[in-house]
Each structure stands twice: as structure tokens, then as C-alpha cells.
Amino acid sequence: MSTSTPPAPYPCLLRWLSGDAPDTPKIAAELSTMAGRPHYDRFLLDLEDERAAFGAALAVAFPQLTLAQPNFPAPKNPLAVVASPTLRTAGPLCLASLALGEAREDFNPAHLWTAPDAALRYKGGRVHGMVGTRRMPFSADGDGRMYVASPAHPLKLWILKNAQDATVQEISTLVPDPGAGGYTALSAPGVTAWESSPGGALDTPQGLVQVITKSGAFGSIAWGASYCTAGWVDSLLPTLLTQGTIALPGNRTATLGQNVHSAQIVGSAWLKGVNGVDCKPAGMPQQWRTQVTLTLCPRAAVHPHMRLITEFCQILRNAQPTPFVPGGTDLEARIRYLLTRHPDRRADLESLPNIKDYYQQCF
């Protein structure tokens with residue numbers, strides 16, 4: 001690590017940028033000292049995306065100040081407490097780098113941090129990586145796993161290293177990019193490209209459910225109107241179906257179906273065009289089941305067909321002398337039982353989707 005830059009003791013400036021109440025005269029004196037040294041230009045360079053916030057904070061006391069041409073006369077007004085949470089983090093890190101005598105190209109992992117918007121930052125600049133052929137800004141989740149986001153779809157592409165989710169701690173080299181701004185993280189010393197993955201299979205119901213949950217993209221699913229089918233006659237399980245579409249990488253979309261069986265009970269998820277491999281509730285992340293319970297289950301409580309189907313399933317399960325059971329080949333017998341034993345419910349039964357089409361011989 002280079003020691004060509006001498007230590008930079010600016011304690012009052014440091015405390016102010018950290019969020020403490022400012023001592024305006026002392027800060028002005030320290031800024032004047034800094035402006036007479038190489039420290040000032042280096043500090044602004046390291047601030048990167050926080051330069052505007054720094055300039056705005058100084059403008060309270062120095063309304064005529066131009067950052068590129070520093071002049072710190074007697075302040076006209078007291079400085080205010082720094083309000084920007086990102087400047088309160090980036091500013092002290094940039095001062096710490098000066099105090100340590102680090103050269104611009106030196107990498108110190110202690111200066112890596114995650115902003116409130118999940119953006120991965122190094123001192124005051126964004127961290128980027130070459131993902132495929134694009135230089136993209138990195139973000140990080142609460143576990144430190146890195147990802148890139150695209151405006152074309154809501155799914156995060158998780159950065160990989162050795163086929164595993166890469167974490168911020170695995171960044172070993174950052175290269176400043178004066179042209180594009182910020183820093184470029186290398187996957188290995190001298191190697192620019194990073195691999196990425198949505199975090200699971202996009203062509204199976206369980207894989208897509210897991211990918212959406214990991215990305216926090218449940219709210220981006222465009223759910224359509226909920227509906228019932230005639231499948232309850234066989235399963236004796238009231239089921240409300242809802243289909244939702246979501247954008248995928250590569251300008252694709254998927255249509256995902258989600259079943260619920262009551263205002264509290266979550267059923268299977270299925271993928272339109274993929275048969276026989278539904279995602280059962282036991283295979284769903286808990287967060288997915290919770291969001292379905294909050295979003296789609298309430299529709300079952302107010303859906304008129306769902307209410308009628310629930311009643312008819314209960315009648316058939318309690319049929320006398322022999323209750324009907326899920327599955328079997330006696331489907332027409334079930335319809336006839338309802339019509340003969342509960343003739344007052346004929347209109348309700350006929351109102352249900354597809355019943356008269358599938359079982360017309362019973363009516």
C-alpha cells in the first residue's frame with residue numbers, strides 16, 4: 001500500500017460528515033487547509049456520486065462555492081447537520097482513505113458498503129462488474145450476496161463465483177474507471193467477467209416460485225381474475241385458481257398459476273404449458289406461502305363460485321349412506337346425488353362453471 005500521501009487529520013470535518021453537529025469555523029479552517037494540499041482533489045475524486053450532496057451541504061455556509069475551484073472565506077451561515085445518509089457513510093470513508101495514505105488504485109475492503117437502496121458502493125462510487133458483455137452496477141442483499149438488476153424484468157441476476165452465490169467479501173480487486181465512473185470489480189485478479197444466474201430453473205413451477213421469492217418479485221406478478229373449474233367434482237376440494245404473468249430475462253414472460261383452497265389454505269402452483277410437476281405447498285418458500293395467503297387467499301372468501309363449491313364438496317363428503325371420496329369413477333353419481341337429495345340447490349349447481357357442459361346428461 002502506498003504511503004506517498006501524508007495522513008489527513010481533519011477531525012472536525014470528519015465528525016460533521018459522520019452526522020455530528022458542525023463546528024462551522026473549525027470546519028472552514030480545515031477545508032482551507034485541505035484545499036491547499038493534494039488531499040482536496042483526491043477527496044472529491046473519491047466522493048464520486050456524493051460530490052453533489054457534499055456541495056449542497058457546504059452551500060449553506062458558502063453559497064458562492066464552486067467545488068472545482070475551492071475558496072473557503074469566512075462562512076456566511078452556520079453549517080447544518082449532514083442529512084444525507086449516503087454522504088454520512090461515504091465522506092468518512094474517503095477521509096479514512098486519505099488518513100491511511102492509500103493511493104487511488106489501492107483496494108481496501110473496509111471501504112465497501114451497501115447503500116440504503118441496496119447499491120454496492122466503494123467509498124463514494126458505485127461498484128460495477130462485467131456481466132456477459134455489459135458493465136452493470138452491483139447491488140447486495142442483506143446476506144451480502146451480489147446481484148444485478150434489469151429494468152426489463154423484475155428478477156435479480158445473482159452474481160456467481162465458483163458456481164455459488166458470490167458475496168461482497170469475495171471482491172478482491174477494484175479498478176477505478178475514470179471514463180465511466182465508479183469502480184469495476186474483477187472476478188479474479190486481471191479477470192473482468194462475472195457469471196450470473198436468476199437462482200434457479202425458470203421452466204418448472206417450483207424453480208420459478210423459488211426464483212421469484214429470492215428476487216422479492218412477488219409484487220411484480222400481474223395476477224388476473226380468479227376462477228373456479230369443475231375439478232372439484234373429482235377432488236372434492238374447493239379450489240380457486242389465479243393466473244399471473246411475470247417478465248423473464250431474454251424478453252420472455254411466464255404464466256404462473258396459483259391455487260388456494262380457502263381464505264387461509266394455500267394450494268399448489270403450476271406453470272402454464274408444463275404438466276404433471278406442480279409445486280406443492282411443502283416445496284414453496286415460507287415467504288411465498290405468506291404472500292399468497294395475504295394476496296390471493298382473501299379472494300376465496302368473497303368469490304361466489306368458491307362459496308358454492310365449498311358447500312357442495314361438504315355435502316358430498318357427508319353423503320348418506322356412503323360418503324363420496326376424492327377420486328373415482330362415480331362423478332356423474334355425485335351430480336345426480338346433489339340434484340336428487342338437494343333439489344333446492346339445482347340453480348346454484350347449474351351456475352357453476354362447466355357443470356352443465358361436462359355433465360349435461362345429468363340435467
# chains A, B, ... in the order shown; residues from 1 in each chain; ligands from 1

$ residues_around --residues "Thr33 in chain A" --least-positions-apart "4" --cutoff "12 Å" --atoms "only C-alpha atoms" --output "PyMOL selection string"
chain A and resi 8-10+13+26-29+37-40+70-73

$ residues_around --residues "Val292 in chain A" --least-positions-apart "2" --cutoff "10 Å" --atoms "only C-alpha atoms" --output "ChimeraX atom specification"
/A:218,258-260,264-267,286-290,294-298

$ select_by_dssp --residues "range 107-332 of chain A" --states "strand (DSSP E)" --output "compact mmCIF listing (two decimals) with C-alpha atoms, in the first residue's frame"
# COMPACT_ATOMS: atom_id res chain seq x y z
CA LEU A 112 -17.02 -1.36 0.66
CA TRP A 113 -20.57 -0.74 1.87
CA THR A 114 -24.16 -1.19 0.83
CA LEU A 120 -22.89 -1.64 -3.62
CA ARG A 121 -20.53 1.29 -3.09
CA TYR A 122 -16.80 1.72 -2.65
CA GLY A 125 -18.67 5.42 -6.09
CA ARG A 126 -20.79 2.59 -7.43
CA VAL A 127 -19.23 -0.84 -7.85
CA HIS A 128 -19.78 -2.42 -11.28
CA GLY A 129 -18.91 -5.69 -12.93
CA MET A 130 -18.74 -7.08 -16.43
CA VAL A 131 -21.73 -9.44 -16.60
CA ARG A 134 -22.30 -5.37 -20.16
CA ARG A 135 -20.80 -3.33 -17.35
CA MET A 136 -23.57 -3.32 -14.77
CA PRO A 137 -23.85 -1.82 -11.27
CA SER A 139 -26.21 -4.45 -5.59
CA ALA A 140 -26.20 -6.60 -2.46
CA MET A 146 -24.36 -9.62 -5.03
CA TYR A 147 -26.77 -9.21 -7.92
CA VAL A 148 -27.54 -7.02 -10.90
CA ALA A 149 -31.00 -5.77 -11.80
CA SER A 150 -32.53 -5.01 -15.17
CA HIS A 153 -37.71 -7.75 -15.80
CA PRO A 154 -38.07 -7.87 -12.01
CA LEU A 155 -35.85 -10.91 -11.44
CA LYS A 156 -32.41 -10.27 -10.00
CA LEU A 157 -29.46 -11.94 -11.69
CA TRP A 158 -27.27 -13.24 -8.88
CA ILE A 159 -23.53 -12.93 -9.33
CA LEU A 160 -21.70 -16.25 -9.16
CA LYS A 161 -18.20 -17.26 -8.18
CA GLN A 164 -22.07 -20.31 -5.96
CA ASP A 165 -23.70 -17.02 -4.98
CA LEU A 174 -11.49 -3.00 -7.69
CA VAL A 175 -10.29 -0.87 -10.59
CA PRO A 176 -11.32 2.80 -10.77
CA TYR A 183 -15.20 1.08 -9.92
CA THR A 184 -15.06 -2.23 -11.76
CA ALA A 185 -14.82 -5.39 -9.65
CA ALA A 193 -16.08 -11.24 -16.45
CA TRP A 194 -18.53 -12.46 -13.81
CA GLU A 195 -21.13 -15.19 -14.27
CA SER A 196 -24.74 -14.70 -13.23
CA SER A 197 -27.89 -16.73 -12.70
CA ALA A 222 -49.67 -9.36 -12.76
CA TRP A 223 -52.45 -11.55 -11.36
CA LEU A 240 -59.80 -21.07 -6.61
CA LEU A 241 -57.30 -20.66 -9.44
CA THR A 242 -55.44 -17.46 -10.34
CA GLN A 243 -53.03 -16.99 -13.22
CA GLY A 244 -50.33 -14.34 -13.17
CA THR A 245 -47.74 -13.24 -15.70
CA ILE A 246 -44.20 -12.13 -14.97
CA ALA A 247 -41.42 -10.90 -17.24
CA LEU A 248 -38.32 -13.10 -17.52
CA ARG A 252 -39.77 -13.69 -22.26
CA THR A 253 -42.77 -13.99 -19.99
CA ALA A 254 -44.15 -16.84 -17.94
CA THR A 255 -47.70 -17.54 -16.81
CA LEU A 256 -47.77 -18.98 -13.33
CA GLY A 257 -50.91 -20.38 -11.73
CA GLN A 258 -51.60 -20.49 -8.02
CA ASN A 259 -54.37 -22.49 -6.33
CA VAL A 260 -55.91 -21.67 -2.97
CA VAL A 266 -52.59 -22.32 0.07
CA GLY A 267 -52.61 -24.93 -2.70
CA SER A 268 -50.20 -25.89 -5.46
CA ALA A 269 -48.55 -23.61 -8.00
CA TRP A 270 -48.33 -24.58 -11.65
CA LEU A 271 -46.71 -23.27 -14.80
CA VAL A 274 -45.84 -27.58 -18.02
CA ASN A 275 -47.93 -30.55 -16.85
CA GLY A 276 -47.55 -33.05 -14.05
CA VAL A 277 -44.96 -31.23 -11.94
CA ASP A 278 -46.96 -28.79 -9.80
CA CYS A 279 -45.13 -27.08 -6.96

$ select_by_dssp --residues "range 92-259 of chain A" --states "helix (DSSP H, G or I)" --output "PyMOL selection string"
chain A and resi 92-99+109-111+168-170+205-215+218-220+232-235

$ closest_residue --among "A:Pro238, A:Gly224, A:Gly219, A:Gly124" --to "Ser262 in chain A" --atoms "only C-alpha atoms"
A:Pro238

$ residues_around --residues "range 44-46 of chain A" --least-positions-apart "5" --cutoff "12 Å" --atoms "only C-alpha atoms" --output "CSV table (one decimal) with N, CA and C atoms, in the first residue's frame"
chain,number,residue,atom,x,y,z
A,34,MET,N,-7.1,21.8,3.7
A,34,MET,CA,-7.3,20.7,2.8
A,34,MET,C,-7.1,21.2,1.3
A,35,ALA,N,-7.7,22.4,1.1
A,35,ALA,CA,-7.7,22.9,-0.3
A,35,ALA,C,-6.3,23.3,-0.7
A,38,PRO,N,-2.9,18.3,-1.9
A,38,PRO,CA,-3.4,17.4,-2.8
A,38,PRO,C,-4.7,16.6,-2.2
A,39,HIS,N,-4.8,16.7,-0.9
A,39,HIS,CA,-5.9,16.0,-0.3
A,39,HIS,C,-7.3,16.4,-0.9
A,51,ARG,N,-20.5,13.9,-4.6
A,51,ARG,CA,-20.0,15.2,-4.7
A,51,ARG,C,-21.1,16.3,-4.6
A,52,ALA,N,-22.2,16.0,-5.3
A,52,ALA,CA,-23.3,16.9,-5.3
A,52,ALA,C,-23.9,17.1,-3.9
A,53,ALA,N,-24.0,16.0,-3.1
A,53,ALA,CA,-24.5,16.2,-1.8
A,53,ALA,C,-23.5,16.9,-0.9
A,54,PHE,N,-22.2,16.7,-1.1
A,54,PHE,CA,-21.2,17.4,-0.4
A,54,PHE,C,-21.3,18.9,-0.7
A,55,GLY,N,-21.4,19.2,-2.0
A,55,GLY,CA,-21.5,20.6,-2.4
A,55,GLY,C,-22.7,21.3,-1.8
A,67,LEU,N,-17.1,23.7,-6.2
A,67,LEU,CA,-16.2,22.6,-5.7
A,67,LEU,C,-14.9,22.6,-6.5
A,68,ALA,N,-14.9,22.7,-7.8
A,68,ALA,CA,-13.7,22.6,-8.6
A,68,ALA,C,-12.7,23.7,-8.3
A,69,GLN,N,-13.2,24.8,-7.8
A,69,GLN,CA,-12.3,26.0,-7.5
A,69,GLN,C,-12.5,26.4,-6.1
A,70,PRO,N,-12.0,25.6,-5.1
A,70,PRO,CA,-12.3,25.8,-3.7
A,70,PRO,C,-11.8,27.2,-3.2
A,87,LEU,N,-23.9,10.3,2.2
A,87,LEU,CA,-22.8,11.2,2.4
A,87,LEU,C,-22.2,10.9,3.8
A,90,ALA,N,-20.1,7.7,3.0
A,90,ALA,CA,-19.1,7.9,2.0
A,90,ALA,C,-18.0,8.9,2.5
A,91,GLY,N,-18.4,10.0,3.0
A,91,GLY,CA,-17.5,11.1,3.4
A,91,GLY,C,-16.4,10.6,4.4
A,92,PRO,N,-16.8,10.0,5.5
A,92,PRO,CA,-15.8,9.4,6.5
A,92,PRO,C,-14.9,8.4,5.8
A,93,LEU,N,-15.4,7.6,4.9
A,93,LEU,CA,-14.6,6.5,4.3
A,93,LEU,C,-13.5,7.2,3.4
A,94,CYS,N,-13.9,8.3,2.7
A,94,CYS,CA,-13.0,9.0,1.9
A,94,CYS,C,-11.9,9.6,2.7
A,95,LEU,N,-12.3,10.2,3.9
A,95,LEU,CA,-11.3,10.8,4.7
A,95,LEU,C,-10.4,9.7,5.4
A,96,ALA,N,-11.0,8.6,5.7
A,96,ALA,CA,-10.2,7.5,6.2
A,96,ALA,C,-9.1,7.0,5.2
A,97,SER,N,-9.5,7.0,3.9
A,97,SER,CA,-8.5,6.6,2.9
A,97,SER,C,-7.4,7.6,2.8
A,98,LEU,N,-7.7,8.9,3.0
A,98,LEU,CA,-6.6,9.8,3.0
A,98,LEU,C,-5.7,9.7,4.2
A,102,GLU,N,-3.6,5.9,1.4
A,102,GLU,CA,-3.8,5.0,0.3
A,102,GLU,C,-3.8,5.7,-1.0
A,103,ALA,N,-3.2,5.0,-2.0
A,103,ALA,CA,-3.2,5.5,-3.4
A,103,ALA,C,-4.5,5.3,-4.0
A,104,ARG,N,-4.8,6.0,-5.0
A,104,ARG,CA,-6.2,5.9,-5.7
A,104,ARG,C,-6.4,4.5,-6.1
A,105,GLU,N,-5.4,3.8,-6.6
A,105,GLU,CA,-5.6,2.4,-7.1
A,105,GLU,C,-5.5,1.3,-6.0
A,106,ASP,N,-5.2,1.7,-4.8
A,106,ASP,CA,-5.2,0.7,-3.7
A,106,ASP,C,-6.6,0.2,-3.4
A,111,HIS,N,-13.6,-0.2,2.8
A,111,HIS,CA,-14.3,0.9,2.2
A,111,HIS,C,-15.5,0.5,1.4
A,121,ARG,N,-21.4,0.1,-2.9
A,121,ARG,CA,-20.5,1.3,-3.1
A,121,ARG,C,-19.1,1.0,-2.6
A,122,TYR,N,-18.2,1.7,-3.2
A,122,TYR,CA,-16.8,1.7,-2.6
A,122,TYR,C,-16.4,3.2,-2.4
A,123,LYS,N,-16.2,3.5,-1.2
A,123,LYS,CA,-16.1,5.0,-0.8
A,123,LYS,C,-17.4,5.7,-1.4
A,124,GLY,N,-17.2,6.6,-2.3
A,124,GLY,CA,-18.4,7.3,-2.8
A,124,GLY,C,-18.9,6.9,-4.1
A,125,GLY,N,-18.3,5.8,-4.7
A,125,GLY,CA,-18.7,5.4,-6.1
A,125,GLY,C,-19.4,4.1,-6.1
A,126,ARG,N,-20.1,3.9,-7.2
A,126,ARG,CA,-20.8,2.6,-7.4
A,126,ARG,C,-19.8,1.5,-7.8
A,176,PRO,N,-10.6,1.6,-10.5
A,176,PRO,CA,-11.3,2.8,-10.8
A,176,PRO,C,-11.5,3.0,-12.3
A,177,ASP,N,-12.6,3.5,-12.7
A,177,ASP,CA,-12.9,3.7,-14.1
A,177,ASP,C,-13.1,5.2,-14.3
A,178,PRO,N,-12.1,6.0,-14.6
A,178,PRO,CA,-12.3,7.5,-14.8
A,178,PRO,C,-13.3,7.8,-15.9
A,181,GLY,N,-16.9,6.1,-14.7
A,181,GLY,CA,-17.3,6.4,-13.3
A,181,GLY,C,-17.4,5.2,-12.4
A,182,GLY,N,-17.1,5.4,-11.2
A,182,GLY,CA,-17.2,4.3,-10.2
A,182,GLY,C,-16.0,3.3,-10.4
A,183,TYR,N,-16.2,2.1,-10.0
A,183,TYR,CA,-15.2,1.1,-9.9
A,183,TYR,C,-15.7,-0.2,-10.6

$ atom_distance --atom1 "CA of Leu331 in chain A" --atom2 "CA of Trp232 in chain A"
10.1 Å

$ closest_residue --among "A:Gly19, A:Ala59, A:Leu202, A:Pro75" --to "Ser32 in chain A" --atoms "only C-alpha atoms"
A:Pro75

$ closest_residue --among "A:Thr133, A:Thr329, A:Ser84, A:Gln360" --to "Ser235 in chain A" --atoms "only C-alpha atoms"
A:Thr329

$ closest_residue --among "A:Gly142, A:Gly179, A:Gly250, A:Pro285" --to "Asp117 in chain A" --atoms "only C-alpha atoms"
A:Gly142

$ residues_around --residues "Thr86 in chain A" --least-positions-apart "3" --cutoff "8 Å" --atoms "only C-alpha atoms" --output "MDAnalysis selection string"
chainID A and resid 50 89:90 115:116

$ decode --residues "range 156-198 of chain A" --atoms "N, CA and C atoms" --output "mmCIF file, in the first residue's frame"
data_model
loop_
_atom_site.group_PDB
_atom_site.id
_atom_site.type_symbol
_atom_site.label_atom_id
_atom_site.label_comp_id
_atom_site.auth_asym_id
_atom_site.auth_seq_id
_atom_site.Cartn_x
_atom_site.Cartn_y
_atom_site.Cartn_z
ATOM 1 N N LYS A 156 -33.816 -10.613 -10.187
ATOM 2 C CA LYS A 156 -32.414 -10.274 -10.000
ATOM 3 C C LYS A 156 -31.541 -11.376 -10.594
ATOM 4 N N LEU A 157 -30.453 -10.980 -11.205
ATOM 5 C CA LEU A 157 -29.463 -11.944 -11.685
ATOM 6 C C LEU A 157 -28.337 -11.976 -10.656
ATOM 7 N N TRP A 158 -28.207 -13.112 -9.990
ATOM 8 C CA TRP A 158 -27.274 -13.235 -8.878
ATOM 9 C C TRP A 158 -25.881 -13.511 -9.412
ATOM 10 N N ILE A 159 -24.915 -12.784 -8.901
ATOM 11 C CA ILE A 159 -23.530 -12.931 -9.334
ATOM 12 C C ILE A 159 -22.950 -14.214 -8.737
ATOM 13 N N LEU A 160 -22.246 -14.960 -9.574
ATOM 14 C CA LEU A 160 -21.699 -16.248 -9.157
ATOM 15 C C LEU A 160 -20.178 -16.205 -9.113
ATOM 16 N N LYS A 161 -19.640 -17.008 -8.224
ATOM 17 C CA LYS A 161 -18.199 -17.256 -8.179
ATOM 18 C C LYS A 161 -18.034 -18.720 -7.788
ATOM 19 N N ASN A 162 -17.347 -19.467 -8.646
ATOM 20 C CA ASN A 162 -17.216 -20.915 -8.446
ATOM 21 C C ASN A 162 -18.592 -21.581 -8.341
ATOM 22 N N ALA A 163 -19.523 -21.135 -9.206
ATOM 23 C CA ALA A 163 -20.876 -21.697 -9.316
ATOM 24 C C ALA A 163 -21.720 -21.493 -8.067
ATOM 25 N N GLN A 164 -21.310 -20.613 -7.166
ATOM 26 C CA GLN A 164 -22.073 -20.311 -5.957
ATOM 27 C C GLN A 164 -22.371 -18.812 -5.922
ATOM 28 N N ASP A 165 -23.409 -18.443 -5.158
ATOM 29 C CA ASP A 165 -23.697 -17.020 -4.985
ATOM 30 C C ASP A 165 -22.465 -16.310 -4.425
ATOM 31 N N ALA A 166 -22.020 -15.295 -5.129
ATOM 32 C CA ALA A 166 -20.862 -14.534 -4.669
ATOM 33 C C ALA A 166 -21.306 -13.495 -3.651
ATOM 34 N N THR A 167 -20.486 -13.265 -2.648
ATOM 35 C CA THR A 167 -20.774 -12.258 -1.640
ATOM 36 C C THR A 167 -19.789 -11.101 -1.772
ATOM 37 N N VAL A 168 -20.132 -10.009 -1.125
ATOM 38 C CA VAL A 168 -19.288 -8.819 -1.182
ATOM 39 C C VAL A 168 -17.871 -9.142 -0.703
ATOM 40 N N GLN A 169 -17.761 -10.063 0.269
ATOM 41 C CA GLN A 169 -16.454 -10.391 0.826
ATOM 42 C C GLN A 169 -15.528 -11.036 -0.205
ATOM 43 N N GLU A 170 -16.113 -11.527 -1.307
ATOM 44 C CA GLU A 170 -15.290 -12.197 -2.313
ATOM 45 C C GLU A 170 -14.747 -11.246 -3.369
ATOM 46 N N ILE A 171 -15.043 -9.948 -3.254
ATOM 47 C CA ILE A 171 -14.399 -8.975 -4.140
ATOM 48 C C ILE A 171 -12.960 -8.776 -3.658
ATOM 49 N N SER A 172 -12.024 -9.044 -4.533
ATOM 50 C CA SER A 172 -10.623 -8.947 -4.146
ATOM 51 C C SER A 172 -9.892 -7.818 -4.861
ATOM 52 N N THR A 173 -10.470 -7.316 -5.937
ATOM 53 C CA THR A 173 -9.814 -6.266 -6.699
ATOM 54 C C THR A 173 -10.861 -5.318 -7.267
ATOM 55 N N LEU A 174 -10.639 -4.021 -7.091
ATOM 56 C CA LEU A 174 -11.488 -2.996 -7.694
ATOM 57 C C LEU A 174 -10.590 -2.054 -8.506
ATOM 58 N N VAL A 175 -11.047 -1.752 -9.712
ATOM 59 C CA VAL A 175 -10.286 -0.873 -10.588
ATOM 60 C C VAL A 175 -11.099 0.387 -10.825
ATOM 61 N N PRO A 176 -10.567 1.562 -10.485
ATOM 62 C CA PRO A 176 -11.317 2.798 -10.774
ATOM 63 C C PRO A 176 -11.452 3.004 -12.275
ATOM 64 N N ASP A 177 -12.598 3.500 -12.690
ATOM 65 C CA ASP A 177 -12.855 3.729 -14.113
ATOM 66 C C ASP A 177 -13.142 5.210 -14.310
ATOM 67 N N PRO A 178 -12.114 6.009 -14.622
ATOM 68 C CA PRO A 178 -12.322 7.456 -14.750
ATOM 69 C C PRO A 178 -13.298 7.816 -15.860
ATOM 70 N N GLY A 179 -13.365 7.002 -16.920
ATOM 71 C CA GLY A 179 -14.242 7.335 -18.038
ATOM 72 C C GLY A 179 -15.702 7.098 -17.731
ATOM 73 N N ALA A 180 -16.022 5.900 -17.238
ATOM 74 C CA ALA A 180 -17.415 5.529 -16.985
ATOM 75 C C ALA A 180 -17.868 5.882 -15.583
ATOM 76 N N GLY A 181 -16.916 6.117 -14.686
ATOM 77 C CA GLY A 181 -17.264 6.441 -13.312
ATOM 78 C C GLY A 181 -17.350 5.202 -12.441
ATOM 79 N N GLY A 182 -17.111 5.378 -11.163
ATOM 80 C CA GLY A 182 -17.188 4.268 -10.236
ATOM 81 C C GLY A 182 -16.011 3.325 -10.370
ATOM 82 N N TYR A 183 -16.250 2.082 -9.969
ATOM 83 C CA TYR A 183 -15.199 1.080 -9.920
ATOM 84 C C TYR A 183 -15.686 -0.193 -10.601
ATOM 85 N N THR A 184 -14.742 -0.942 -11.148
ATOM 86 C CA THR A 184 -15.065 -2.226 -11.758
ATOM 87 C C THR A 184 -14.449 -3.335 -10.913
ATOM 88 N N ALA A 185 -15.290 -4.254 -10.446
ATOM 89 C CA ALA A 185 -14.821 -5.392 -9.652
ATOM 90 C C ALA A 185 -14.376 -6.503 -10.584
ATOM 91 N N LEU A 186 -13.267 -7.125 -10.248
ATOM 92 C CA LEU A 186 -12.760 -8.234 -11.041
ATOM 93 C C LEU A 186 -13.166 -9.554 -10.387
ATOM 94 N N SER A 187 -13.534 -10.542 -11.202
ATOM 95 C CA SER A 187 -13.901 -11.847 -10.645
ATOM 96 C C SER A 187 -12.677 -12.565 -10.103
ATOM 97 N N ALA A 188 -11.541 -12.253 -10.653
ATOM 98 C CA ALA A 188 -10.251 -12.726 -10.168
ATOM 99 C C ALA A 188 -9.241 -11.685 -10.628
ATOM 100 N N PRO A 189 -8.080 -11.601 -9.999
ATOM 101 C CA PRO A 189 -7.110 -10.584 -10.424
ATOM 102 C C PRO A 189 -6.860 -10.628 -11.926
ATOM 103 N N GLY A 190 -7.186 -9.539 -12.598
ATOM 104 C CA GLY A 190 -6.984 -9.452 -14.035
ATOM 105 C C GLY A 190 -8.108 -10.020 -14.875
ATOM 106 N N VAL A 191 -9.130 -10.625 -14.256
ATOM 107 C CA VAL A 191 -10.238 -11.244 -14.997
ATOM 108 C C VAL A 191 -11.489 -10.402 -14.769
ATOM 109 N N THR A 192 -12.041 -9.856 -15.839
ATOM 110 C CA THR A 192 -13.146 -8.916 -15.679
ATOM 111 C C THR A 192 -14.508 -9.588 -15.597
ATOM 112 N N ALA A 193 -14.719 -10.699 -16.279
ATOM 113 C CA ALA A 193 -16.076 -11.241 -16.449
ATOM 114 C C ALA A 193 -16.571 -11.966 -15.203
ATOM 115 N N TRP A 194 -17.840 -11.733 -14.883
ATOM 116 C CA TRP A 194 -18.534 -12.455 -13.814
ATOM 117 C C TRP A 194 -19.665 -13.269 -14.447
ATOM 118 N N GLU A 195 -19.970 -14.409 -13.862
ATOM 119 C CA GLU A 195 -21.129 -15.192 -14.272
ATOM 120 C C GLU A 195 -22.333 -14.744 -13.446
ATOM 121 N N SER A 196 -23.523 -15.052 -13.960
ATOM 122 C CA SER A 196 -24.738 -14.700 -13.225
ATOM 123 C C SER A 196 -25.810 -15.747 -13.477
ATOM 124 N N SER A 197 -26.785 -15.778 -12.577
ATOM 125 C CA SER A 197 -27.887 -16.731 -12.697
ATOM 126 C C SER A 197 -29.097 -16.150 -11.986
ATOM 127 N N PRO A 198 -30.314 -16.443 -12.476
ATOM 128 C CA PRO A 198 -31.505 -15.990 -11.728
ATOM 129 C C PRO A 198 -31.697 -16.736 -10.419
#
